[in-house]
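Chemist: Just one file: input04.cif, with mmCIF, C-alpha atoms and all ligand atoms.
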data_query
#
loop_
_atom_site.group_PDB
_atom_site.id
_atom_site.type_symbol
_atom_site.label_atom_id
_atom_site.label_comp_id
_atom_site.auth_asym_id
_atom_site.auth_seq_id
_atom_site.Cartn_x
_atom_site.Cartn_y
_atom_site.Cartn_z
ATOM 1 C CA MET A 1 87.265 99.727 101.053
ATOM 2 C CA THR A 2 83.566 99.403 101.550
ATOM 3 C CA ILE A 3 81.287 96.602 102.667
ATOM 4 C CA GLN A 4 80.457 95.792 99.030
ATOM 5 C CA ASP A 5 84.068 94.771 98.587
ATOM 6 C CA ILE A 6 83.884 91.946 101.141
ATOM 7 C CA THR A 7 82.109 89.325 99.088
ATOM 8 C CA VAL A 8 81.097 85.943 100.493
ATOM 9 C CA ARG A 9 81.672 83.275 97.851
ATOM 10 C CA ASN A 10 81.402 79.516 97.796
ATOM 11 C CA LEU A 11 84.244 77.531 96.346
ATOM 12 C CA ASP A 12 82.931 74.754 94.135
ATOM 13 C CA ASN A 13 86.217 73.436 92.788
ATOM 14 C CA GLY A 14 88.441 72.669 95.756
ATOM 15 C CA PRO A 15 90.998 69.840 96.056
ATOM 16 C CA ASN A 16 89.681 66.352 95.362
ATOM 17 C CA LEU A 17 90.716 62.750 94.812
ATOM 18 C CA ASN A 18 92.555 63.745 91.627
ATOM 19 C CA THR A 19 94.850 66.031 93.597
ATOM 20 C CA PRO A 20 98.281 64.414 93.616
ATOM 21 C CA LYS A 21 100.080 63.871 96.900
ATOM 22 C CA TYR A 22 102.857 66.297 95.986
ATOM 23 C CA TRP A 23 100.662 68.933 94.467
ATOM 24 C CA PHE A 24 103.044 71.862 94.679
ATOM 25 C CA ASP A 25 105.280 71.614 91.630
ATOM 26 C CA ASP A 26 105.788 67.918 92.351
ATOM 27 C CA ASN A 27 107.911 69.132 95.273
ATOM 28 C CA ILE A 28 107.605 67.160 98.489
ATOM 29 C CA PHE A 29 109.037 69.870 100.761
ATOM 30 C CA LEU A 30 106.837 72.693 99.476
ATOM 31 C CA SER A 31 103.719 70.520 99.194
ATOM 32 C CA HIS A 32 104.048 69.597 102.853
ATOM 33 C CA PHE A 33 104.909 73.172 103.793
ATOM 34 C CA PHE A 34 101.582 74.350 102.368
ATOM 35 C CA ASN A 35 99.817 71.267 103.787
ATOM 36 C CA ALA A 36 101.119 72.277 107.212
ATOM 37 C CA ILE A 37 99.836 75.844 106.803
ATOM 38 C CA SER A 38 96.497 74.684 105.392
ATOM 39 C CA SER A 39 95.968 72.278 108.282
ATOM 40 C CA THR A 40 96.209 75.113 110.842
ATOM 41 C CA PHE A 41 93.488 77.170 109.134
ATOM 42 C CA PRO A 42 90.175 75.572 110.212
ATOM 43 C CA GLU A 43 90.728 75.727 113.972
ATOM 44 C CA GLY A 44 92.490 79.085 113.610
ATOM 45 C CA GLU A 45 89.613 80.578 111.665
ATOM 46 C CA ARG A 46 87.006 79.258 114.092
ATOM 47 C CA PHE A 47 89.058 80.924 116.845
ATOM 48 C CA PHE A 48 89.012 84.249 114.918
ATOM 49 C CA ILE A 49 85.252 84.026 114.448
ATOM 50 C CA ARG A 50 84.642 83.436 118.164
ATOM 51 C CA SER A 51 87.095 86.216 119.108
ATOM 52 C CA VAL A 52 85.369 88.814 116.914
ATOM 53 C CA ARG A 53 81.847 87.650 117.738
ATOM 54 C CA TYR A 54 82.497 88.106 121.448
ATOM 55 C CA TYR A 55 82.719 91.880 120.901
ATOM 56 C CA GLU A 56 80.034 92.139 118.236
ATOM 57 C CA LYS A 57 77.567 93.516 120.803
ATOM 58 C CA ASN A 58 79.843 96.520 121.416
ATOM 59 C CA VAL A 59 79.788 97.592 117.774
ATOM 60 C CA GLN A 60 77.109 100.173 116.900
ATOM 61 C CA ASP A 61 78.372 101.242 113.473
ATOM 62 C CA PRO A 62 76.157 99.509 110.854
ATOM 63 C CA THR A 63 78.975 99.316 108.275
ATOM 64 C CA LEU A 64 81.301 97.580 110.700
ATOM 65 C CA GLN A 65 78.440 95.312 111.767
ATOM 66 C CA GLN A 66 77.927 94.253 108.151
ATOM 67 C CA GLN A 67 81.650 93.746 107.732
ATOM 68 C CA ILE A 68 81.695 91.470 110.787
ATOM 69 C CA THR A 69 78.883 89.409 109.266
ATOM 70 C CA ALA A 70 80.811 89.102 105.990
ATOM 71 C CA PHE A 71 84.044 88.302 107.850
ATOM 72 C CA VAL A 72 82.362 85.512 109.815
ATOM 73 C CA ALA A 73 80.772 84.088 106.651
ATOM 74 C CA GLN A 74 84.058 84.164 104.718
ATOM 75 C CA GLU A 75 86.122 82.595 107.515
ATOM 76 C CA GLY A 76 83.447 79.958 108.100
ATOM 77 C CA ARG A 77 83.639 78.903 104.444
ATOM 78 C CA HIS A 78 87.436 78.933 104.470
ATOM 79 C CA SER A 79 87.549 76.606 107.459
ATOM 80 C CA LYS A 80 85.119 74.243 105.733
ATOM 81 C CA GLU A 81 87.207 74.051 102.556
ATOM 82 C CA HIS A 82 90.465 73.576 104.453
ATOM 83 C CA ASP A 83 88.722 70.886 106.521
ATOM 84 C CA SER A 84 88.118 69.066 103.229
ATOM 85 C CA HIS A 85 91.800 69.407 102.421
ATOM 86 C CA ILE A 86 92.689 68.007 105.856
ATOM 87 C CA GLN A 87 90.352 65.085 105.207
ATOM 88 C CA ILE A 88 92.326 64.265 102.048
ATOM 89 C CA LEU A 89 95.550 64.371 104.111
ATOM 90 C CA LEU A 90 94.011 62.109 106.775
ATOM 91 C CA ASP A 91 92.936 59.659 104.061
ATOM 92 C CA GLN A 92 96.555 59.661 102.896
ATOM 93 C CA GLY A 93 97.592 58.595 106.403
ATOM 94 C CA TYR A 94 98.828 61.840 108.002
ATOM 95 C CA ASN A 95 96.898 61.089 111.179
ATOM 96 C CA ALA A 96 99.030 63.253 113.456
ATOM 97 C CA LEU A 97 97.105 66.258 112.139
ATOM 98 C CA THR A 98 94.066 65.144 114.157
ATOM 99 C CA THR A 99 96.012 65.468 117.404
ATOM 100 C CA PHE A 100 97.479 68.837 116.433
ATOM 101 C CA ASN A 101 94.040 70.186 115.588
ATOM 102 C CA ARG A 102 92.462 68.800 118.742
ATOM 103 C CA ASN A 103 95.106 70.600 120.823
ATOM 104 C CA GLN A 104 94.721 73.775 118.808
ATOM 105 C CA ARG A 105 90.961 73.665 119.386
ATOM 106 C CA VAL A 106 91.291 73.169 123.158
ATOM 107 C CA ILE A 107 93.755 76.076 123.467
ATOM 108 C CA GLY A 108 91.593 78.309 121.248
ATOM 109 C CA LEU A 109 88.413 77.608 123.213
ATOM 110 C CA TRP A 110 90.221 78.181 126.509
ATOM 111 C CA LEU A 111 91.616 81.528 125.313
ATOM 112 C CA ASN A 112 88.207 82.657 124.035
ATOM 113 C CA ARG A 113 86.636 81.864 127.388
ATOM 114 C CA ARG A 114 89.343 83.116 129.725
ATOM 115 C CA ALA A 115 91.067 85.875 127.776
ATOM 116 C CA PRO A 116 88.767 87.542 125.226
ATOM 117 C CA ARG A 117 90.922 90.687 124.954
ATOM 118 C CA PHE A 118 94.047 88.687 124.245
ATOM 119 C CA SER A 119 92.082 86.455 121.855
ATOM 120 C CA LEU A 120 91.071 89.447 119.755
ATOM 121 C CA ALA A 121 94.642 90.789 119.875
ATOM 122 C CA MET A 122 95.944 87.396 118.677
ATOM 123 C CA THR A 123 93.293 87.394 115.972
ATOM 124 C CA ILE A 124 94.412 90.735 114.524
ATOM 125 C CA ALA A 125 98.052 89.645 114.698
ATOM 126 C CA ILE A 126 97.402 86.403 112.804
ATOM 127 C CA GLU A 127 95.074 88.178 110.401
ATOM 128 C CA HIS A 128 98.005 90.467 109.590
ATOM 129 C CA ILE A 129 100.224 87.429 108.954
ATOM 130 C CA THR A 130 97.600 85.921 106.647
ATOM 131 C CA ALA A 131 97.158 89.294 104.898
ATOM 132 C CA ILE A 132 100.908 89.277 104.161
ATOM 133 C CA PHE A 133 100.643 85.744 102.734
ATOM 134 C CA ALA A 134 97.592 86.768 100.727
ATOM 135 C CA ASP A 135 99.470 89.728 99.279
ATOM 136 C CA GLN A 136 102.338 87.391 98.319
ATOM 137 C CA ILE A 137 99.941 85.108 96.470
ATOM 138 C CA LEU A 138 98.205 88.021 94.724
ATOM 139 C CA SER A 139 101.516 89.697 93.825
ATOM 140 C CA HIS A 140 103.451 86.699 92.541
ATOM 141 C CA PRO A 141 101.146 84.080 90.981
ATOM 142 C CA HIS A 142 104.036 82.653 88.952
ATOM 143 C CA ARG A 143 105.841 81.867 92.182
ATOM 144 C CA TRP A 144 103.005 80.624 94.353
ATOM 145 C CA THR A 145 99.874 79.478 92.562
ATOM 146 C CA GLU A 146 100.961 78.640 89.027
ATOM 147 C CA PRO A 147 103.246 75.808 90.268
ATOM 148 C CA MET A 148 100.261 74.276 92.106
ATOM 149 C CA HIS A 149 98.238 71.407 90.655
ATOM 150 C CA PRO A 150 95.113 72.852 88.929
ATOM 151 C CA THR A 151 92.867 71.274 91.601
ATOM 152 C CA MET A 152 94.663 73.294 94.293
ATOM 153 C CA GLN A 153 94.912 76.688 92.631
ATOM 154 C CA PRO A 154 91.300 77.856 93.178
ATOM 155 C CA LEU A 155 91.437 77.169 96.940
ATOM 156 C CA TRP A 156 94.534 79.295 97.507
ATOM 157 C CA ARG A 157 93.494 82.071 95.118
ATOM 158 C CA TRP A 158 90.010 82.310 96.602
ATOM 159 C CA HIS A 159 91.368 82.327 100.144
ATOM 160 C CA ALA A 160 94.017 84.951 99.311
ATOM 161 C CA ILE A 161 91.451 87.252 97.715
ATOM 162 C CA GLU A 162 89.060 87.031 100.653
ATOM 163 C CA GLU A 163 91.815 87.449 103.267
ATOM 164 C CA ALA A 164 92.854 90.648 101.488
ATOM 165 C CA GLU A 165 89.228 91.829 101.367
ATOM 166 C CA HIS A 166 88.568 91.417 105.086
ATOM 167 C CA LYS A 167 92.059 92.152 106.420
ATOM 168 C CA ALA A 168 90.944 95.168 108.476
ATOM 169 C CA VAL A 169 87.677 93.910 109.981
ATOM 170 C CA ALA A 170 89.007 92.330 113.181
ATOM 171 C CA PHE A 171 91.480 95.202 113.506
ATOM 172 C CA ASP A 172 88.727 97.825 113.343
ATOM 173 C CA VAL A 173 86.777 95.951 116.026
ATOM 174 C CA TYR A 174 89.918 95.796 118.183
ATOM 175 C CA GLN A 175 90.549 99.539 117.776
ATOM 176 C CA LEU A 176 86.985 100.267 118.756
ATOM 177 C CA VAL A 177 86.653 98.067 121.834
ATOM 178 C CA ILE A 178 90.233 97.574 123.108
ATOM 179 C CA GLY A 179 92.734 99.768 121.290
ATOM 180 C CA SER A 180 95.786 98.920 123.422
ATOM 181 C CA ILE A 181 98.962 99.245 121.360
ATOM 182 C CA TRP A 182 101.059 97.205 123.794
ATOM 183 C CA LEU A 183 98.610 94.330 123.933
ATOM 184 C CA ARG A 184 98.625 94.019 120.150
ATOM 185 C CA ARG A 185 102.438 94.220 120.066
ATOM 186 C CA CYS A 186 102.720 91.435 122.666
ATOM 187 C CA ALA A 187 100.147 89.401 120.774
ATOM 188 C CA MET A 188 102.122 89.788 117.541
ATOM 189 C CA LEU A 189 105.291 88.497 119.201
ATOM 190 C CA GLN A 190 103.414 85.514 120.550
ATOM 191 C CA ALA A 191 101.524 84.954 117.276
ATOM 192 C CA THR A 192 104.696 85.030 115.164
ATOM 193 C CA LEU A 193 106.573 82.596 117.404
ATOM 194 C CA GLY A 194 103.535 80.372 117.868
ATOM 195 C CA PHE A 195 102.659 80.276 114.176
ATOM 196 C CA LEU A 196 106.203 79.567 112.981
ATOM 197 C CA THR A 197 106.676 76.850 115.597
ATOM 198 C CA GLU A 198 103.342 75.228 114.825
ATOM 199 C CA VAL A 199 103.997 75.191 111.076
ATOM 200 C CA PHE A 200 107.561 73.936 111.579
ATOM 201 C CA VAL A 201 106.449 71.045 113.787
ATOM 202 C CA ARG A 202 103.569 70.015 111.516
ATOM 203 C CA HIS A 203 105.778 70.319 108.439
ATOM 204 C CA SER A 204 108.490 68.178 110.047
ATOM 205 C CA VAL A 205 105.988 65.495 111.045
ATOM 206 C CA LEU A 206 104.604 65.333 107.487
ATOM 207 C CA LEU A 207 108.122 65.083 106.042
ATOM 208 C CA ILE A 208 109.197 62.442 108.573
ATOM 209 C CA LYS A 209 106.141 60.347 107.734
ATOM 210 C CA ASP A 210 107.295 60.304 104.085
ATOM 211 C CA ARG A 211 110.931 59.709 105.080
ATOM 212 C CA ALA A 212 111.786 63.023 103.455
ATOM 213 C CA PHE A 213 113.438 64.665 106.450
ATOM 214 C CA ARG A 214 116.767 64.466 104.650
ATOM 215 C CA PRO A 215 119.547 67.084 104.383
ATOM 216 C CA SER A 216 119.341 67.485 100.591
ATOM 217 C CA ILE A 217 115.559 68.022 100.636
ATOM 218 C CA LEU A 218 115.719 70.259 103.702
ATOM 219 C CA TYR A 219 118.495 72.440 102.304
ATOM 220 C CA LYS A 220 116.721 73.154 99.025
ATOM 221 C CA GLY A 221 113.372 73.575 100.738
ATOM 222 C CA PHE A 222 114.747 75.877 103.409
ATOM 223 C CA LYS A 223 116.108 78.119 100.659
ATOM 224 C CA ALA A 224 112.703 78.173 98.973
ATOM 225 C CA ILE A 225 110.910 79.463 102.059
ATOM 226 C CA TRP A 226 113.608 81.533 103.808
ATOM 227 C CA GLY A 227 115.831 82.539 100.858
ATOM 228 C CA ARG A 228 115.377 85.570 98.594
ATOM 229 C CA HIS A 229 111.672 85.794 97.635
ATOM 230 C CA GLY A 230 110.966 83.023 100.179
ATOM 231 C CA PHE A 231 107.393 82.652 101.400
ATOM 232 C CA LEU A 232 108.376 83.182 105.054
ATOM 233 C CA ARG A 233 111.252 85.587 104.441
ATOM 234 C CA ILE A 234 108.764 88.229 103.339
ATOM 235 C CA LEU A 235 107.266 88.172 106.850
ATOM 236 C CA ILE A 236 110.332 89.830 108.349
ATOM 237 C CA PRO A 237 109.960 93.345 106.872
ATOM 238 C CA ALA A 238 106.167 93.161 106.603
ATOM 239 C CA LEU A 239 105.602 92.219 110.243
ATOM 240 C CA GLY A 240 107.573 95.243 111.429
ATOM 241 C CA THR A 241 104.868 97.647 110.265
ATOM 242 C CA PHE A 242 102.380 96.100 112.699
ATOM 243 C CA TYR A 243 104.354 97.409 115.681
ATOM 244 C CA ALA A 244 103.884 101.069 114.678
ATOM 245 C CA ALA A 245 101.513 102.962 116.968
ATOM 246 C CA ASP A 246 99.460 104.229 114.009
ATOM 247 C CA PHE A 247 99.365 100.941 112.080
ATOM 248 C CA HIS A 248 96.285 100.099 110.040
ATOM 249 C CA PRO A 249 95.986 97.131 107.619
ATOM 250 C CA TRP A 250 94.913 99.390 104.726
ATOM 251 C CA GLN A 251 98.069 101.506 105.006
ATOM 252 C CA GLN A 252 99.326 98.889 102.613
ATOM 253 C CA ASP A 253 96.697 99.537 99.975
ATOM 254 C CA ASN A 254 96.657 96.584 97.593
ATOM 255 C CA SER A 255 93.062 97.162 96.439
ATOM 256 C CA GLU A 256 94.094 97.730 92.828
ATOM 257 C CA LEU A 257 95.995 94.447 92.708
ATOM 258 C CA LEU A 258 93.070 92.763 94.436
ATOM 259 C CA ASN A 259 90.667 94.042 91.773
ATOM 260 C CA GLN A 260 92.952 92.868 89.023
ATOM 261 C CA ARG A 261 93.201 89.327 90.438
ATOM 262 C CA ARG A 262 89.464 89.103 91.164
ATOM 263 C CA GLU A 263 88.867 89.810 87.499
ATOM 264 C CA GLN A 264 91.635 87.544 86.246
ATOM 265 C CA TRP A 265 90.776 84.581 88.472
ATOM 266 C CA GLY A 266 87.021 84.897 88.175
ATOM 267 C CA PHE A 267 86.123 85.859 91.754
ATOM 268 C CA GLN A 268 83.782 88.755 91.131
ATOM 269 C CA VAL A 269 82.464 91.195 93.708
HETATM 270 FE FE FE B 301 90.467 82.697 106.062
HETATM 271 FE FE FE B 302 91.066 86.113 107.764
#
Could you quickly redo this structure as structure tokens?
Ligand SMILES: [Fe+2]
Ligand SMILES: [Fe+2]

Modeler:
Amino acid sequence: MTIQDITVRNLDNGPNLNTPKYWFDDNIFLSHFFNAISSTFPEGERFFIRSVRYYEKNVQDPTLQQQITAFVAQEGRHSKEHDSHIQILLDQGYNALTTFNRNQRVIGLWLNRRAPRFSLAMTIAIEHITAIFADQILSHPHRWTEPMHPTMQPLWRWHAIEEAEHKAVAFDVYQLVIGSIWLRRCAMLQATLGFLTEVFVRHSVLLIKDRAFRPSILYKGFKAIWGRHGFLRILIPALGTFYAADFHPWQQDNSELLNQRREQWGFQV
């Protein structure tokens, strides 16, 4: 992977007023599952940007410097587009998201200020989680983006492509300036538990608001995310690789698949 492969793109066809409330296959459980994930992105991505930028001054390698610039630009645009999605959810009355995001912002800012090493370790852990999700979306469009309403597909495809492109940037900065294997392992434990809890709580709140926190809906939905081929189930084997001492994000080389989807979905380099 070279710097040319991390391309900063604008998305000009994100979700809008024509996006239906249950935009994932008309399925309330899965629509809110992806709403919950989407709503964590903007504050999360701003946290990643601050975490990487803190160590930018320690990076002398011009290629890595350019990659940091591209990483920051991509994540900045992602947070903007997911902010627009959150705005649609707020307009639909899911106001609790404001409180969640305010708390997430306060914690993120505090960590950046008080614990920059841990912040970067958390960043690479969550970047690995998002790289796994991105690979899922790139690998199985029939499962994950084709069931989406057409106004939602570009957002998730664009984000998946760019997460795959920049998946090693924060990691390479971490290796250069920190490098501790145990710190990144601890961060991954914390990131996994924190992320799953956060998504579960947000998802539950969205479902409760729509009076959809019912056994029949939960049972079928739970199977869709934790059952065979489930969106979260795939995390279990894929997260394990991160704990290896010699882990690197590009050990899982999905560049060919990435190229294929860029072409197919119209996100050129
Ligand atoms: Fe992103
Ligand atoms: Fe990312």

Chemist: Once you count only C-alpha atoms and all ligand atoms, which residues end up within 10 Å of ligand FE 302 (chain B), and could you hand them over as a ChimeraX atom specification?

Modeler: /A:41,44-45,48-49,71-72,74-76,78,123-124,126-131,134,159-160,162-170

Chemist: If you apply the PyMOL selection byres (((chain A and resi 189) around 12) and not hetatm) to this file, what residues do you get, as a PDB file with C-alpha atoms, in the coordinates of the input?

Modeler:
ATOM      1  CA  ALA A 121      94.642  90.789 119.875  1.00  0.00           C
ATOM      2  CA  MET A 122      95.944  87.396 118.677  1.00  0.00           C
ATOM      3  CA  ALA A 125      98.052  89.645 114.698  1.00  0.00           C
ATOM      4  CA  ILE A 126      97.402  86.403 112.804  1.00  0.00           C
ATOM      5  CA  ILE A 129     100.224  87.429 108.954  1.00  0.00           C
ATOM      6  CA  TRP A 182     101.059  97.205 123.794  1.00  0.00           C
ATOM      7  CA  LEU A 183      98.610  94.330 123.933  1.00  0.00           C
ATOM      8  CA  ARG A 184      98.625  94.019 120.150  1.00  0.00           C
ATOM      9  CA  ARG A 185     102.438  94.220 120.066  1.00  0.00           C
ATOM     10  CA  CYS A 186     102.720  91.435 122.666  1.00  0.00           C
ATOM     11  CA  ALA A 187     100.147  89.401 120.774  1.00  0.00           C
ATOM     12  CA  MET A 188     102.122  89.788 117.541  1.00  0.00           C
ATOM     13  CA  GLN A 190     103.414  85.514 120.550  1.00  0.00           C
ATOM     14  CA  ALA A 191     101.524  84.954 117.276  1.00  0.00           C
ATOM     15  CA  THR A 192     104.696  85.030 115.164  1.00  0.00           C
ATOM     16  CA  LEU A 193     106.573  82.596 117.404  1.00  0.00           C
ATOM     17  CA  GLY A 194     103.535  80.372 117.868  1.00  0.00           C
ATOM     18  CA  PHE A 195     102.659  80.276 114.176  1.00  0.00           C
ATOM     19  CA  LEU A 196     106.203  79.567 112.981  1.00  0.00           C
ATOM     20  CA  LEU A 239     105.602  92.219 110.243  1.00  0.00           C
ATOM     21  CA  GLY A 240     107.573  95.243 111.429  1.00  0.00           C
ATOM     22  CA  PHE A 242     102.380  96.100 112.699  1.00  0.00           C
ATOM     23  CA  TYR A 243     104.354  97.409 115.681  1.00  0.00           C
TER      24      TYR A 243
END

Chemist: Using all atoms listed in the file, which residues sit within 12 Å of stretch 95-112 of chain A once same-chain residues fewer than 6 positions away are excluded, as number ranges by chain?

Modeler: A: 35-55, 83, 85-89, 118-123, 194-195, 198-199, 201-209

Chemist: When you count all atoms listed in the file, which of these residues is closest to A:Asp12: A:Gln268, A:Gln92, A:Thr151, A:Thr241?

Modeler: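 With all atoms listed in the file as the atom set, the closest residue is A:Thr151.
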
Chemist: Select, from A:Pro154, A:Gly179, A:Pro62, A:Pro147, the residue with the minimum atom-to-atom distance to A:Arg117, counting all atoms listed in the file.

Modeler: A:Gly179

Chemist: One decimal, in Å: what's the spacing between atom CA of A:Trp23 and atom CA of A:Thr197?

Modeler: 23.4 Å

Chemist: To one decimal in Å, tell me the separation between atom CA of A:Lys223 and atom CA of A:Pro150.

Modeler: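 Going from atom CA of A:Lys223 over to atom CA of A:Pro150 covers 24.6 Å.
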
Chemist: In terms of the shortest atom-to-atom distance over all atoms listed in the file, which of A:Ser255, A:Arg261, A:Tyr174, A:Arg211 is closest to A:Val59?

Modeler: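 Checking each candidate against A:Val59, we get A:Tyr174 as the closest.
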
Chemist: So, with all atoms listed in the file as the atoms that count, which of A:Glu146, A:Asp5, A:Asp135, A:Glu81 lies closest to ligand FE 301 (chain B)?

Modeler: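 Residue with the minimum atom-to-atom distance to ligand FE 301 (chain B): A:Glu81.
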
Chemist: Atom CA of A:Thr7 to atom CA of A:Thr63: how many Å, to one decimal?

Modeler: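 Taking atom CA of A:Thr7 as the start and atom CA of A:Thr63 as the end point, the length is 13.9 Å.
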
Chemist: I'd like the contact shell of A:Arg77 - 9 Å cut-off, all atoms listed in the file, skipping same-chain residues fewer than 6 positions apart - returned as an mmCIF file with C-alpha atoms, in the coordinates of the input.

Modeler:
data_model
loop_
_atom_site.group_PDB
_atom_site.id
_atom_site.type_symbol
_atom_site.label_atom_id
_atom_site.label_comp_id
_atom_site.auth_asym_id
_atom_site.auth_seq_id
_atom_site.Cartn_x
_atom_site.Cartn_y
_atom_site.Cartn_z
ATOM 1 C CA VAL A 8 81.097 85.943 100.493
ATOM 2 C CA ARG A 9 81.672 83.275 97.851
ATOM 3 C CA ASN A 10 81.402 79.516 97.796
ATOM 4 C CA LEU A 11 84.244 77.531 96.346
#

Chemist: Which of these, A:Pro215, A:Pro116, A:Gly221, A:Gly14, has the shortest distance to A:His32 once you count only C-alpha atoms?

Modeler: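 Closest to A:His32, using only C-alpha atoms: A:Gly221.
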
Chemist: Can you give me, as a PDB file with C-alpha atoms, in the coordinates of the input, the residues this file yields under the PyMOL selection byres (((chain A and resi 231) around 12) and not hetatm)?

Modeler:
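Now in result.pdb:
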ATOM      1  CA  LEU A  30     106.837  72.693  99.476  1.00  0.00           C
ATOM      2  CA  PHE A  33     104.909  73.172 103.793  1.00  0.00           C
ATOM      3  CA  PHE A  34     101.582  74.350 102.368  1.00  0.00           C
ATOM      4  CA  ILE A  37      99.836  75.844 106.803  1.00  0.00           C
ATOM      5  CA  ILE A 129     100.224  87.429 108.954  1.00  0.00           C
ATOM      6  CA  THR A 130      97.600  85.921 106.647  1.00  0.00           C
ATOM      7  CA  ILE A 132     100.908  89.277 104.161  1.00  0.00           C
ATOM      8  CA  PHE A 133     100.643  85.744 102.734  1.00  0.00           C
ATOM      9  CA  ALA A 134      97.592  86.768 100.727  1.00  0.00           C
ATOM     10  CA  ASP A 135      99.470  89.728  99.279  1.00  0.00           C
ATOM     11  CA  GLN A 136     102.338  87.391  98.319  1.00  0.00           C
ATOM     12  CA  ILE A 137      99.941  85.108  96.470  1.00  0.00           C
ATOM     13  CA  SER A 139     101.516  89.697  93.825  1.00  0.00           C
ATOM     14  CA  HIS A 140     103.451  86.699  92.541  1.00  0.00           C
ATOM     15  CA  ARG A 143     105.841  81.867  92.182  1.00  0.00           C
ATOM     16  CA  TRP A 144     103.005  80.624  94.353  1.00  0.00           C
ATOM     17  CA  GLY A 221     113.372  73.575 100.738  1.00  0.00           C
ATOM     18  CA  PHE A 222     114.747  75.877 103.409  1.00  0.00           C
ATOM     19  CA  LYS A 223     116.108  78.119 100.659  1.00  0.00           C
ATOM     20  CA  ALA A 224     112.703  78.173  98.973  1.00  0.00           C
ATOM     21  CA  ILE A 225     110.910  79.463 102.059  1.00  0.00           C
ATOM     22  CA  TRP A 226     113.608  81.533 103.808  1.00  0.00           C
ATOM     23  CA  GLY A 227     115.831  82.539 100.858  1.00  0.00           C
ATOM     24  CA  ARG A 228     115.377  85.570  98.594  1.00  0.00           C
ATOM     25  CA  HIS A 229     111.672  85.794  97.635  1.00  0.00           C
ATOM     26  CA  GLY A 230     110.966  83.023 100.179  1.00  0.00           C
ATOM     27  CA  LEU A 232     108.376  83.182 105.054  1.00  0.00           C
ATOM     28  CA  ARG A 233     111.252  85.587 104.441  1.00  0.00           C
ATOM     29  CA  ILE A 234     108.764  88.229 103.339  1.00  0.00           C
ATOM     30  CA  LEU A 235     107.266  88.172 106.850  1.00  0.00           C
ATOM     31  CA  ILE A 236     110.332  89.830 108.349  1.00  0.00           C
ATOM     32  CA  ALA A 238     106.167  93.161 106.603  1.00  0.00           C
TER      33      ALA A 238
END

Chemist: Under the rule that all atoms listed in the file are counted, which of A:His82, A:Ile68, A:Leu138, A:Asp210 is the nearest residue to A:Ile161?

Modeler: A:Leu138
